[in-house]
>>> print(open('my_file-v6.txt').read())   # compact mmCIF, C-alpha atoms
# COMPACT_ATOMS: atom_id res chain seq x y z
CA MET A 1 32.90 4.73 138.89
CA GLU A 2 34.42 2.33 141.35
CA ILE A 3 33.75 -0.91 139.50
CA LYS A 4 35.07 0.54 136.25
CA GLU A 5 38.35 1.41 137.93
CA TYR A 6 38.57 -2.07 139.38
CA ILE A 7 38.14 -3.63 135.91
CA GLU A 8 40.74 -1.29 134.42
CA LYS A 9 43.32 -2.48 136.93
CA LEU A 10 42.83 -6.12 135.94
CA PRO A 11 44.74 -7.71 133.03
CA MET A 12 43.44 -7.00 129.52
CA ARG A 13 40.09 -8.51 128.57
CA ALA A 14 39.55 -10.03 132.03
CA VAL A 15 36.04 -8.69 132.52
CA LYS A 16 33.47 -7.65 129.92
CA PRO A 17 30.45 -5.57 130.89
CA ARG A 18 27.17 -6.82 129.42
CA SER A 19 24.09 -4.90 128.32
CA ASP A 20 21.95 -6.25 131.18
CA GLY A 21 24.38 -4.86 133.78
CA SER A 22 26.06 -8.18 134.48
CA PHE A 23 29.66 -9.07 133.68
CA THR A 24 31.51 -11.83 131.89
CA VAL A 25 34.69 -13.03 133.57
CA VAL A 26 37.39 -14.55 131.37
CA PRO A 27 39.91 -16.92 132.99
CA GLN A 28 43.46 -16.73 131.69
CA MET A 29 44.63 -19.45 129.34
CA SER A 30 46.99 -19.65 126.43
CA GLN A 31 46.24 -21.69 123.31
CA GLY A 32 43.12 -22.93 125.06
CA GLN A 33 45.02 -24.99 127.60
CA VAL A 34 43.27 -25.40 130.91
CA SER A 35 44.49 -27.41 133.89
CA ALA A 36 42.30 -29.59 136.08
CA GLU A 37 42.98 -27.20 138.98
CA GLN A 38 41.86 -24.22 136.96
CA LEU A 39 38.73 -26.05 135.85
CA ALA A 40 38.05 -26.96 139.46
CA ALA A 41 38.44 -23.31 140.50
CA ILE A 42 36.06 -22.21 137.74
CA GLN A 43 33.61 -24.90 138.74
CA GLY A 44 33.96 -23.77 142.37
CA VAL A 45 32.79 -20.23 141.66
CA VAL A 46 30.03 -21.37 139.31
CA GLU A 47 28.66 -23.56 142.07
CA GLU A 48 29.22 -21.16 144.96
CA TYR A 49 27.46 -18.27 143.25
CA GLY A 50 24.83 -20.35 141.47
CA LEU A 51 25.92 -19.23 137.99
CA SER A 52 24.49 -20.84 134.88
CA GLY A 53 27.75 -22.42 133.74
CA ILE A 54 30.43 -21.47 131.26
CA ARG A 55 30.68 -20.85 127.58
CA VAL A 56 33.51 -22.22 125.46
CA THR A 57 34.31 -19.81 122.65
CA ALA A 58 35.70 -20.26 119.16
CA GLY A 59 38.68 -18.15 120.25
CA GLN A 60 39.72 -21.00 122.53
CA ARG A 61 38.65 -19.30 125.74
CA ILE A 62 36.23 -19.89 128.56
CA MET A 63 33.71 -17.21 129.50
CA ILE A 64 31.80 -17.08 132.76
CA ASP A 65 28.61 -15.12 132.00
CA GLY A 66 26.04 -13.56 134.26
CA VAL A 67 28.30 -12.37 137.08
CA SER A 68 26.53 -9.55 138.93
CA ALA A 69 28.37 -6.44 140.10
CA ASP A 70 28.11 -7.32 143.79
CA ILE A 71 29.99 -10.62 143.41
CA LEU A 72 32.38 -9.60 140.63
CA ARG A 73 35.41 -9.04 142.87
CA GLU A 74 34.94 -12.31 144.72
CA VAL A 75 34.54 -14.28 141.50
CA VAL A 76 37.65 -12.71 139.99
CA GLU A 77 39.69 -13.45 143.10
CA LYS A 78 38.55 -17.04 143.44
CA VAL A 79 38.73 -18.08 139.81
CA GLY A 80 42.51 -17.70 139.56
CA PRO A 81 44.38 -15.75 136.86
CA VAL A 82 42.09 -13.81 134.49
CA GLY A 83 42.44 -11.92 131.22
CA ASP A 84 45.24 -12.00 128.70
CA VAL A 85 48.96 -11.71 129.38
CA PHE A 86 49.68 -10.70 125.82
CA LYS A 87 48.03 -8.03 123.73
CA HIS A 88 47.60 -10.09 120.58
CA LYS A 89 46.21 -13.55 121.17
CA VAL A 90 47.33 -16.52 119.11
CA GLN A 91 45.23 -19.64 118.60
CA SER A 92 46.65 -23.03 117.79
CA CYS A 93 45.73 -26.62 117.15
CA LEU A 94 47.33 -29.43 119.13
CA GLY A 95 50.18 -29.97 116.66
CA THR A 96 53.02 -32.35 117.49
CA THR A 97 52.01 -32.19 121.16
CA GLY A 98 49.54 -34.94 120.34
CA CYS A 99 48.06 -35.01 116.88
CA ARG A 100 49.09 -37.80 114.55
CA LEU A 101 48.82 -35.62 111.46
CA ALA A 102 50.97 -32.77 112.73
CA MET A 103 54.06 -31.74 110.81
CA GLN A 104 55.17 -28.97 113.17
CA ASP A 105 54.92 -27.87 116.80
CA SER A 106 52.04 -25.42 116.48
CA MET A 107 51.46 -24.90 120.22
CA GLY A 108 55.11 -24.08 120.85
CA LEU A 109 55.25 -21.66 117.94
CA ALA A 110 51.98 -20.02 118.99
CA GLU A 111 53.39 -19.38 122.44
CA ARG A 112 56.54 -17.80 121.03
CA LEU A 113 54.49 -15.78 118.54
CA GLU A 114 52.40 -14.27 121.36
CA GLU A 115 55.62 -13.21 123.05
CA PHE A 116 56.99 -11.84 119.77
CA LEU A 117 53.84 -9.82 119.05
CA LYS A 118 53.63 -8.19 122.46
CA ASP A 119 55.60 -5.09 121.50
CA TYR A 120 53.65 -4.36 118.33
CA SER A 121 51.32 -1.43 118.50
CA LEU A 122 48.80 -1.92 115.71
CA PRO A 123 45.84 0.01 114.24
CA THR A 124 43.29 -2.47 115.57
CA LYS A 125 42.89 -6.00 116.84
CA LEU A 126 45.00 -8.75 115.35
CA LYS A 127 44.00 -12.39 115.33
CA SER A 128 46.58 -15.04 114.63
CA SER A 129 46.50 -18.80 114.31
CA VAL A 130 49.10 -21.51 114.08
CA SER A 131 48.15 -24.86 112.53
CA GLY A 132 50.50 -27.82 112.69
CA CYS A 133 49.55 -29.25 109.29
CA SER A 134 47.70 -28.31 106.12
CA MET A 135 44.38 -29.52 107.55
CA CYS A 136 44.46 -26.10 109.20
CA CYS A 137 42.45 -26.88 112.32
CA ALA A 138 43.36 -23.48 113.77
CA GLU A 139 41.86 -21.91 110.63
CA SER A 140 45.00 -19.99 109.76
CA MET A 141 43.82 -18.86 106.31
CA ILE A 142 41.10 -16.67 107.77
CA ARG A 143 43.24 -14.93 110.40
CA ASP A 144 45.12 -11.64 110.15
CA VAL A 145 48.31 -13.64 110.56
CA GLY A 146 48.17 -17.37 109.84
CA LEU A 147 50.87 -20.00 110.03
CA ILE A 148 50.59 -23.50 108.64
CA GLY A 149 53.16 -26.19 109.36
CA ARG A 150 54.28 -28.28 106.44
CA LYS A 151 57.02 -30.88 106.15
CA ASN A 152 59.68 -28.39 105.11
CA GLY A 153 58.70 -25.47 107.29
CA TRP A 154 56.02 -22.87 107.73
CA THR A 155 53.58 -21.25 105.33
CA ILE A 156 52.65 -17.66 106.23
CA SER A 157 49.36 -16.08 105.30
CA PHE A 158 48.32 -12.48 105.89
CA GLY A 159 45.09 -10.52 105.62
CA GLY A 160 42.52 -13.22 106.31
CA ASN A 161 39.29 -12.59 108.17
CA GLY A 162 36.51 -14.88 109.35
CA GLY A 163 33.92 -12.24 110.15
CA LYS A 164 31.33 -10.12 108.41
CA ARG A 165 33.50 -9.25 105.43
CA VAL A 166 35.22 -12.59 105.19
CA ARG A 167 38.50 -12.81 103.32
CA GLN A 168 40.97 -15.53 102.51
CA GLY A 169 44.51 -14.63 103.55
CA ASP A 170 47.29 -14.21 100.97
CA VAL A 171 50.24 -16.53 101.22
CA LEU A 172 53.43 -14.50 101.70
CA ALA A 173 55.92 -17.33 101.99
CA GLN A 174 56.25 -21.07 102.12
CA ASP A 175 58.70 -23.53 103.63
CA VAL A 176 60.35 -20.96 105.86
CA SER A 177 62.01 -21.60 109.20
CA GLU A 178 60.63 -20.21 112.44
CA ALA A 179 63.24 -17.43 112.51
CA GLU A 180 62.44 -16.49 108.91
CA ALA A 181 58.73 -16.61 109.66
CA PHE A 182 59.09 -14.19 112.56
CA ASP A 183 61.24 -11.91 110.45
CA ILE A 184 58.58 -11.81 107.71
CA ILE A 185 55.74 -11.31 110.20
CA GLY A 186 57.67 -8.48 111.84
CA LYS A 187 58.19 -6.75 108.50
CA VAL A 188 54.63 -7.12 107.31
CA LEU A 189 53.28 -5.82 110.63
CA ASP A 190 55.63 -2.84 110.52
CA PHE A 191 54.36 -2.03 107.04
CA TYR A 192 50.77 -2.49 108.18
CA ALA A 193 51.24 -0.35 111.29
CA GLU A 194 52.79 2.48 109.27
CA ASN A 195 50.32 2.51 106.40
CA ALA A 196 46.95 1.35 107.67
CA LYS A 197 44.10 3.68 108.52
CA VAL A 198 42.81 3.86 112.06
CA LYS A 199 40.99 0.64 112.97
CA GLU A 200 41.64 -0.86 109.55
CA ARG A 201 41.86 -4.66 109.83
CA THR A 202 44.55 -6.43 107.79
CA ALA A 203 41.96 -7.83 105.35
CA ARG A 204 40.78 -4.34 104.38
CA PHE A 205 44.37 -3.10 104.30
CA VAL A 206 45.48 -5.82 101.87
CA GLU A 207 42.44 -5.13 99.67
CA ARG A 208 43.28 -1.44 99.59
CA VAL A 209 47.05 -1.51 99.01
CA GLY A 210 47.24 -4.84 97.16
CA VAL A 211 49.23 -7.91 98.01
CA ASP A 212 52.05 -6.95 95.62
CA ALA A 213 52.80 -3.79 97.56
CA ILE A 214 52.93 -5.84 100.71
CA LYS A 215 55.26 -8.41 99.24
CA GLU A 216 57.49 -5.68 97.96
CA ALA A 217 57.67 -4.06 101.37
CA VAL A 218 58.52 -7.35 102.99
CA PHE A 219 60.89 -8.93 100.52
CA SER A 220 62.66 -6.07 98.76
CA ASP A 221 65.92 -5.44 100.52
CA MET B 222 35.96 -55.87 122.64
CA ALA B 223 37.81 -56.78 119.47
CA GLN B 224 41.56 -56.41 119.64
CA LYS B 225 43.18 -53.28 118.32
CA GLU B 226 39.85 -51.59 118.00
CA THR B 227 39.91 -47.92 118.83
CA PRO B 228 38.22 -47.31 122.17
CA LYS B 229 34.88 -45.49 122.19
CA GLY B 230 35.00 -42.00 120.72
CA ALA B 231 38.78 -41.89 120.92
CA ILE B 232 41.35 -40.43 118.56
CA LEU B 233 44.75 -42.11 118.50
CA GLN B 234 47.58 -39.69 119.18
CA ARG B 235 51.01 -39.23 117.75
CA ASP B 236 52.74 -41.64 120.12
CA LYS B 237 50.38 -44.35 118.75
CA LYS B 238 49.65 -45.25 122.35
CA THR B 239 47.50 -42.57 123.93
CA TYR B 240 44.15 -41.15 122.90
CA ALA B 241 42.22 -37.90 122.84
CA ILE B 242 38.49 -37.62 123.43
CA VAL B 243 36.11 -34.74 122.80
CA PRO B 244 32.92 -34.64 124.87
CA ARG B 245 29.84 -33.11 123.29
CA THR B 246 29.28 -29.54 124.48
CA PRO B 247 26.56 -28.12 122.20
CA VAL B 248 27.21 -24.50 121.14
CA GLY B 249 30.02 -24.38 123.69
CA LEU B 250 27.72 -24.25 126.69
CA VAL B 251 28.93 -26.17 129.72
CA THR B 252 26.57 -26.57 132.68
CA PRO B 253 27.82 -26.59 136.28
CA ASP B 254 27.39 -30.38 136.45
CA VAL B 255 29.42 -30.97 133.31
CA LEU B 256 32.05 -28.53 134.51
CA GLU B 257 32.24 -30.42 137.78
CA ALA B 258 32.64 -33.74 135.93
CA LEU B 259 35.39 -32.35 133.68
CA ALA B 260 37.32 -30.91 136.62
CA ARG B 261 36.96 -34.13 138.62
CA VAL B 262 38.01 -36.37 135.73
CA GLY B 263 40.93 -34.10 134.91
CA ARG B 264 42.28 -34.51 138.42
CA LYS B 265 41.43 -38.16 138.96
CA PHE B 266 43.07 -39.38 135.77
CA GLU B 267 45.76 -36.69 135.77
CA ILE B 268 44.90 -35.90 132.17
CA PRO B 269 48.03 -34.36 130.64
CA ILE B 270 46.35 -31.82 128.36
CA MET B 271 42.90 -30.28 128.37
CA LYS B 272 42.61 -27.90 125.47
CA ILE B 273 39.82 -25.76 124.15
CA THR B 274 39.39 -26.30 120.45
CA SER B 275 38.32 -23.87 117.74
CA GLY B 276 35.02 -25.75 117.62
CA GLN B 277 33.96 -24.61 121.10
CA ARG B 278 34.76 -27.92 122.70
CA ILE B 279 37.21 -29.18 125.29
CA ALA B 280 39.53 -31.97 124.15
CA LEU B 281 41.00 -34.30 126.77
CA VAL B 282 44.34 -35.41 125.41
CA GLY B 283 46.82 -38.11 126.41
CA LEU B 284 44.56 -40.80 127.87
CA GLU B 285 45.86 -44.34 128.16
CA GLU B 286 43.82 -46.91 126.26
CA GLU B 287 42.37 -48.49 129.40
CA GLN B 288 41.37 -45.07 130.77
CA VAL B 289 39.14 -44.10 127.86
CA ASP B 290 36.08 -46.10 128.88
CA GLN B 291 36.50 -45.18 132.54
CA VAL B 292 36.71 -41.50 131.68
CA TRP B 293 33.54 -41.68 129.58
CA GLU B 294 31.82 -43.50 132.40
CA ASP B 295 32.85 -40.84 134.91
CA LEU B 296 31.93 -37.97 132.64
CA LYS B 297 28.48 -39.31 131.74
CA MET B 298 28.67 -37.17 128.60
CA ASP B 299 28.01 -37.91 124.95
CA ILE B 300 30.73 -38.11 122.35
CA GLY B 301 31.32 -35.02 120.25
CA PRO B 302 32.01 -36.40 116.77
CA ALA B 303 35.54 -35.43 115.70
CA VAL B 304 36.52 -37.84 112.94
CA GLY B 305 33.41 -39.42 111.41
CA LEU B 306 31.64 -38.49 108.20
CA CYS B 307 28.77 -36.64 109.81
CA VAL B 308 27.68 -33.35 111.37
CA HIS B 309 30.47 -32.64 113.87
CA TYR B 310 29.30 -29.62 115.75
CA VAL B 311 27.26 -26.47 115.78
CA GLN B 312 29.04 -23.35 116.92
CA ALA B 313 27.25 -20.25 118.07
CA CYS B 314 28.11 -16.83 119.39
CA PRO B 315 26.23 -15.60 122.49
CA GLY B 316 23.67 -13.62 120.47
CA THR B 317 20.77 -11.91 122.19
CA GLU B 318 21.30 -14.04 125.31
CA VAL B 319 24.39 -12.08 126.32
CA CYS B 320 25.80 -9.83 123.62
CA LYS B 321 25.02 -6.14 123.25
CA LEU B 322 25.12 -6.45 119.47
CA GLY B 323 23.00 -9.58 119.17
CA VAL B 324 19.90 -9.22 116.99
CA ARG B 325 18.84 -12.90 116.94
CA ASP B 326 18.98 -15.78 119.40
CA SER B 327 21.98 -17.64 118.01
CA LEU B 328 22.45 -19.87 121.03
CA GLY B 329 18.83 -21.02 120.84
CA LEU B 330 18.89 -21.74 117.10
CA GLY B 331 22.36 -23.29 117.42
CA MET B 332 21.18 -25.58 120.19
CA GLU B 333 18.11 -26.61 118.19
CA LEU B 334 20.23 -27.45 115.13
CA GLU B 335 22.77 -29.28 117.29
CA GLU B 336 20.12 -31.51 118.80
CA MET B 337 18.56 -32.24 115.42
CA PHE B 338 21.62 -32.87 113.33
CA VAL B 339 24.82 -33.74 115.21
CA GLY B 340 25.91 -37.22 114.17
CA LYS B 341 23.75 -37.18 111.01
CA GLU B 342 25.65 -39.21 108.46
CA LEU B 343 26.88 -37.32 105.42
CA PRO B 344 29.49 -37.71 102.66
CA ALA B 345 32.08 -35.87 104.79
CA LYS B 346 32.29 -33.96 108.02
CA LEU B 347 30.12 -30.91 108.32
CA LYS B 348 30.39 -27.87 110.56
CA VAL B 349 27.72 -25.32 111.37
CA GLY B 350 28.16 -21.77 112.68
CA VAL B 351 25.30 -19.62 113.94
CA SER B 352 25.98 -15.91 114.45
CA GLY B 353 23.48 -13.61 116.14
CA CYS B 354 24.43 -10.52 114.13
CA PRO B 355 26.32 -9.59 110.95
CA MET B 356 29.61 -9.32 112.87
CA CYS B 357 29.70 -13.09 112.42
CA CYS B 358 31.56 -14.13 115.55
CA ALA B 359 30.66 -17.76 114.86
CA GLU B 360 32.46 -17.38 111.53
CA SER B 361 29.39 -18.47 109.60
CA TYR B 362 30.88 -17.61 106.18
CA VAL B 363 33.56 -20.26 106.58
CA ARG B 364 31.33 -23.09 107.78
CA ASP B 365 29.60 -25.73 105.66
CA VAL B 366 26.33 -24.28 106.89
CA GLY B 367 26.28 -20.77 108.30
CA LEU B 368 23.44 -18.73 109.74
CA ILE B 369 23.60 -15.01 110.36
CA GLY B 370 21.00 -13.11 112.37
CA LYS B 371 19.82 -9.87 110.79
CA PRO B 372 17.00 -7.53 111.78
CA LYS B 373 14.64 -9.01 109.15
CA GLY B 374 15.48 -12.66 109.82
CA TRP B 375 18.15 -15.28 109.30
CA THR B 376 20.53 -15.37 106.36
CA MET B 377 21.66 -18.87 105.44
CA VAL B 378 24.97 -19.48 103.69
CA VAL B 379 26.43 -22.78 102.51
CA GLY B 380 29.71 -24.26 101.27
CA GLY B 381 32.14 -22.30 103.40
CA ASN B 382 35.38 -23.78 104.65
CA ALA B 383 38.25 -22.52 106.79
CA SER B 384 40.85 -25.13 105.94
CA GLY B 385 44.06 -24.87 103.96
CA ARG B 386 41.82 -24.61 100.90
CA PRO B 387 39.35 -22.11 102.28
CA ARG B 388 36.11 -21.13 100.61
CA ILE B 389 33.71 -18.31 101.34
CA ALA B 390 30.16 -19.56 101.63
CA ASP B 391 27.44 -18.61 99.16
CA VAL B 392 24.21 -16.99 100.31
CA LEU B 393 21.38 -19.49 99.89
CA ALA B 394 18.47 -17.54 101.34
CA GLU B 395 17.69 -14.44 103.37
CA GLN B 396 15.04 -13.16 105.78
CA LEU B 397 14.16 -16.61 107.07
CA THR B 398 12.19 -17.19 110.23
CA ARG B 399 13.80 -19.53 112.73
CA GLN B 400 11.51 -22.34 111.65
CA GLU B 401 12.21 -21.74 107.96
CA ALA B 402 15.93 -21.73 108.72
CA VAL B 403 15.77 -25.09 110.49
CA GLU B 404 13.75 -26.56 107.64
CA LEU B 405 16.16 -25.23 105.02
CA VAL B 406 19.19 -26.61 106.88
CA LYS B 407 17.51 -30.00 106.81
CA ARG B 408 16.79 -29.73 103.10
CA PHE B 409 20.37 -28.66 102.38
CA LEU B 410 21.85 -31.54 104.40
CA ASP B 411 19.67 -34.00 102.47
CA TYR B 412 20.67 -32.43 99.17
CA TYR B 413 24.33 -32.59 100.15
CA ARG B 414 23.98 -36.21 101.27
CA ASP B 415 22.40 -37.18 97.95
CA ASN B 416 24.65 -35.20 95.62
CA ALA B 417 28.22 -35.14 96.96
CA GLY B 418 30.83 -37.82 96.45
CA LYS B 419 32.22 -39.68 99.41
CA ARG B 420 34.59 -37.53 101.50
CA SER B 421 33.73 -34.47 99.43
CA ARG B 422 33.12 -31.48 101.71
CA SER B 423 30.24 -29.11 100.98
CA ALA B 424 32.71 -26.47 99.71
CA ARG B 425 33.78 -28.78 96.90
CA LEU B 426 30.15 -29.60 96.05
CA LEU B 427 29.36 -25.88 95.77
CA ASP B 428 32.48 -25.39 93.62
CA LYS B 429 31.17 -28.08 91.33
CA VAL B 430 27.47 -27.38 91.01
CA GLY B 431 27.24 -23.68 91.95
CA VAL B 432 24.79 -22.13 94.38
CA ASP B 433 22.09 -21.51 91.75
CA GLU B 434 21.80 -25.23 91.17
CA VAL B 435 21.40 -25.78 94.91
CA LYS B 436 18.77 -23.03 95.06
CA LYS B 437 16.84 -24.61 92.21
CA ALA B 438 16.87 -27.95 93.91
CA ILE B 439 15.83 -26.99 97.42
CA LEU B 440 14.16 -23.59 97.51
>>> encode(input="my_file-v6.txt", output="C-alpha cells")
Amino acid sequence: MEIKEYIEKLPMRAVKPRSDGSFTVVPQMSQGQVSAEQLAAIQGVVEEYGLSGIRVTAGQRIMIDGVSADILREVVEKVGPVGDVFKHKVQSCLGTTGCRLAMQDSMGLAERLEEFLKDYSLPTKLKSSVSGCSMCCAESMIRDVGLIGRKNGWTISFGGNGGKRVRQGDVLAQDVSEAEAFDIIGKVLDFYAENAKVKERTARFVERVGVDAIKEAVFSD
Amino acid sequence: MAQKETPKGAILQRDKKTYAIVPRTPVGLVTPDVLEALARVGRKFEIPIMKITSGQRIALVGLEEEQVDQVWEDLKMDIGPAVGLCVHYVQACPGTEVCKLGVRDSLGLGMELEEMFVGKELPAKLKVGVSGCPMCCAESYVRDVGLIGKPKGWTMVVGGNASGRPRIADVLAEQLTRQEAVELVKRFLDYYRDNAGKRSRSARLLDKVGVDEVKKAIL
C-alpha cells in the first residue's frame, strides 16, 4: 500500500495510523523542547487544514490527531521535522537549565543518554527519565531506566514501570558520576538484552531474575 | 503591586531573576486558538525555552519579571497551578476518542474532573490521571487519584505517587459509572482535605491510615 510505504520511509514514530482511518502526526522534539518557529509551523497546518488542535502527551511530545490520508503528506512536509531521531526516548525535567531546586543538569544528561542508547538493540521498548533533583519531576522511579540528580552525583534506578503492572524501580547505584552512570546503564542493558524474553519489559525481567542477579551482573568484575 | 511579590502564576528560576509560567491546558488538549497564541507569544517575547512537561502542559521558561503580565495578557489563558497546595492537573490518555485500545472516554472524564477540581485547595498538591484502558498510559497507578477504564466501568485508585519516594496506588472501587466516578473523586478529595496534615501528599495519608479506612469513610 502506497501510504504505508510512505510512513515507513519517515523517521521512527512520525505517523501513527488510527482506528478510524485517520493518522496522528508527531513533530520531532527532544526532552519536550519546542521552538516558537516549530509551534508556529504546527499551528500553521492545524489552521490550514482545519484540524481540531494538538494533544500534549505525558511522554513530553505533541500529537496532531485527525489527519486524513489525503492530506497526510502535505501536513508532514509543512510541519517540519517529525518522528524520533533516537530509538529510545529519554524524558527529563528542566534541571539546572532553569529550575531553582535542581542539583544536576538533567536536560543535558538526557540528551547524551539518548545518544548513548541509540546502538542498543533491546527486547522491547525502553523508557528512560532524567530528573535533576530528588523531587523526581521526570518520574524516574517508574521508568525502565531512571536517573536522579543529587548533590554528589546521580542515582540510577532500573526496572520501573508506570503502566498496567506498575512497579517501582530498584536503585542500582547512588552518587555516581555521569561516566560511571553510563557504564552501569550499559552493563545492565547488556545483561537485560542477553537474558530477557521476547518483549519482556525491564520490570517483568527484574521480577523474574531478581535484583541481586542484576547487581551481580553489573558490579562483579 | 507590592514589591518583591512574585508575578502572577510565575515560578522563580535558578538565576533568581527570570520566571517560568505554565498555562492551563486541560488533559493536554490545545485548541488552534491557544496554539496560535503560544506560537505568537513565543516569537514576540523571544521566550528562551518552551518545554513540554510530564504533566501534559507547556512551560514557558526564562521570562523577565516585567514580561510575565504581558505574556499572560497576550495568551488570554488561565494559570495551570504548578506550586500551590491544590489540584494541579488532570492528565488523560486519548481513550476512545482516538486510541484503538480505548474502552472508555478518558479525555471526556478527564476534562470533566479538570473543570470541577483544578485549583481546589488541599493539604498538598494533587495530581489526577485518567486512562481509557488497563494499559494505563496516563499512569493512573502513580497519581494521587487515578481512574482506569475497563469494560465494566471505571476503576478508581488513590494514593499513588511517582516521586523519589514512589507509591503504587490502592484500588478504592471498581465498576463505577462515569457519574459515580466523579462523585467518588469528590468524596475522596474532601476526605483527604479533612484528614491529611499540611503538605502531606495523599500517598503518605494512605500509608498512614490504609485504604480500608478510606473505604469505610467514603464508600
>>> atom_distance(input="my_file-v6.txt", atom1="atom CA of Ala41 of chain A", atom2="atom CA of Tyr240 of chain B")
25.7 Å
>>> interface_residues(input="my_file-v6.txt", of="chain A", to="chain B", cutoff="7 Å", atoms="only C-alpha atoms", output="NGL selection string")
:A and (18-19 or 32-36 or 39-40 or 43 or 46-47 or 52-61 or 98-100 or 134-139 or 141-142 or 162-164 or 166 or 168)
>>> residues_around(input="my_file-v6.txt", residues="Glu115 of chain A", least_positions_apart="6", cutoff="12 Å", atoms="all atoms listed in the file", output="list in words")
Ser30, Asp84, Val85, Phe86, Lys87, His88, Lys89, Val90, Gly108, Leu109 and Phe182 of chain A
>>> closest_residue(input="my_file-v6.txt", among="B:Lys407, B:Lys297, B:Arg414, B:Lys429", to="Glu335 of chain B", atoms="all atoms listed in the file")
B:Lys407
>>> atom_distance(input="my_file-v6.txt", atom1="atom CA of Gly350 of chain B", atom2="atom CA of His309 of chain B")
11.2 Å
>>> closest_residue(input="my_file-v6.txt", among="B:Glu342, B:Glu226, B:Asp433, B:Glu294", to="Asp411 of chain B", atoms="all atoms listed in the file")
B:Glu342
>>> residues_around(input="my_file-v6.txt", residues="Leu440 of chain B", least_positions_apart="5", cutoff="12 Å", atoms="all atoms listed in the file", output="ChimeraX atom specification")
/B:377,393-395,397,401-402,404-409,412,432-435
>>> atom_distance(input="my_file-v6.txt", atom1="atom CA of Leu368 of chain B", atom2="atom CA of Val351 of chain B")
4.7 Å
>>> axis_aligned_box(input="my_file-v6.txt", around="segment 332-337 of chain B", padding_each_side="4 Å", output="AutoDock Vina command-line options")
--center_x 20.4 --center_y -28.9 --center_z 117.7 --size_x 12.7 --size_y 14.7 --size_z 13.1
>>> residues_around(input="my_file-v6.txt", residues="segment 192-205 of chain A", least_positions_apart="4", cutoff="6 Å", atoms="all atoms listed in the file", output="VMD selection string")
chain A and resid 122 to 124 144 159 to 160
>>> residues_near_point(input="my_file-v6.txt", point="(25.1, -32.7, 114.0)", cutoff="8 Å", atoms="only C-alpha atoms", output="ChimeraX atom specification")
/B:307-311,334-341,347-348
>>> residues_around(input="my_file-v6.txt", residues="Val430 of chain B", least_positions_apart="6", cutoff="12 Å", atoms="all atoms listed in the file", output="number ranges by chain")
B: 380, 391, 412-413, 416-417, 423-424, 436-438
>>> residues_around(input="my_file-v6.txt", residues="Glu287 of chain B", least_positions_apart="5", cutoff="12 Å", atoms="only C-alpha atoms", output="list in words")
Met222, Thr227, Pro228, Lys229, Ala231, Lys238, Thr239, Tyr240, Phe266, Val292 and Trp293 of chain B
>>> write_last_selection(input="my_file-v6.txt", atoms="C-alpha atoms", output="compact mmCIF listing (two decimals), keeping the file's coordinate frame")
# COMPACT_ATOMS: atom_id res chain seq x y z
CA MET B 222 35.96 -55.87 122.64
CA THR B 227 39.91 -47.92 118.83
CA PRO B 228 38.22 -47.31 122.17
CA LYS B 229 34.88 -45.49 122.19
CA ALA B 231 38.78 -41.89 120.92
CA LYS B 238 49.65 -45.25 122.35
CA THR B 239 47.50 -42.57 123.93
CA TYR B 240 44.15 -41.15 122.90
CA PHE B 266 43.07 -39.38 135.77
CA VAL B 292 36.71 -41.50 131.68
CA TRP B 293 33.54 -41.68 129.58
>>> closest_residue(input="my_file-v6.txt", among="A:Phe158, A:Phe219, A:Phe191, A:Tyr49", to="Val79 of chain A", atoms="all atoms listed in the file")
A:Tyr49
>>> residues_near_point(input="my_file-v6.txt", point="(47.2, -19.9, 108.7)", cutoff="7 Å", atoms="all atoms listed in the file", output="PyMOL selection string")
chain A and resi 129-131+136+139-143+145-148+156-157
>>> decode(input="my_file-v6.txt", residues="segment 343-360 of chain B", atoms="C-alpha atoms", output="PDB file, in the first residue's frame")
ATOM      1  CA  LEU B 343      -5.988  20.710  49.601  1.00  0.00           C
ATOM      2  CA  PRO B 344      -3.285  19.865  52.159  1.00  0.00           C
ATOM      3  CA  ALA B 345      -0.722  19.384  49.358  1.00  0.00           C
ATOM      4  CA  LYS B 346      -0.581  19.254  45.607  1.00  0.00           C
ATOM      5  CA  LEU B 347      -2.665  16.610  43.926  1.00  0.00           C
ATOM      6  CA  LYS B 348      -2.388  15.021  40.501  1.00  0.00           C
ATOM      7  CA  VAL B 349      -5.013  13.043  38.629  1.00  0.00           C
ATOM      8  CA  GLY B 350      -4.511  10.566  35.780  1.00  0.00           C
ATOM      9  CA  VAL B 351      -7.350   9.148  33.701  1.00  0.00           C
ATOM     10  CA  SER B 352      -6.566   6.162  31.465  1.00  0.00           C
ATOM     11  CA  GLY B 353      -9.063   4.826  28.940  1.00  0.00           C
ATOM     12  CA  CYS B 354      -7.929   1.200  29.211  1.00  0.00           C
ATOM     13  CA  PRO B 355      -5.882  -1.039  31.523  1.00  0.00           C
ATOM     14  CA  MET B 356      -2.662  -0.208  29.636  1.00  0.00           C
ATOM     15  CA  CYS B 357      -2.674   2.896  31.832  1.00  0.00           C
ATOM     16  CA  CYS B 358      -0.983   5.388  29.533  1.00  0.00           C
ATOM     17  CA  ALA B 359      -1.967   8.206  31.896  1.00  0.00           C
ATOM     18  CA  GLU B 360      -0.022   6.376  34.605  1.00  0.00           C
TER      19      GLU B 360
END
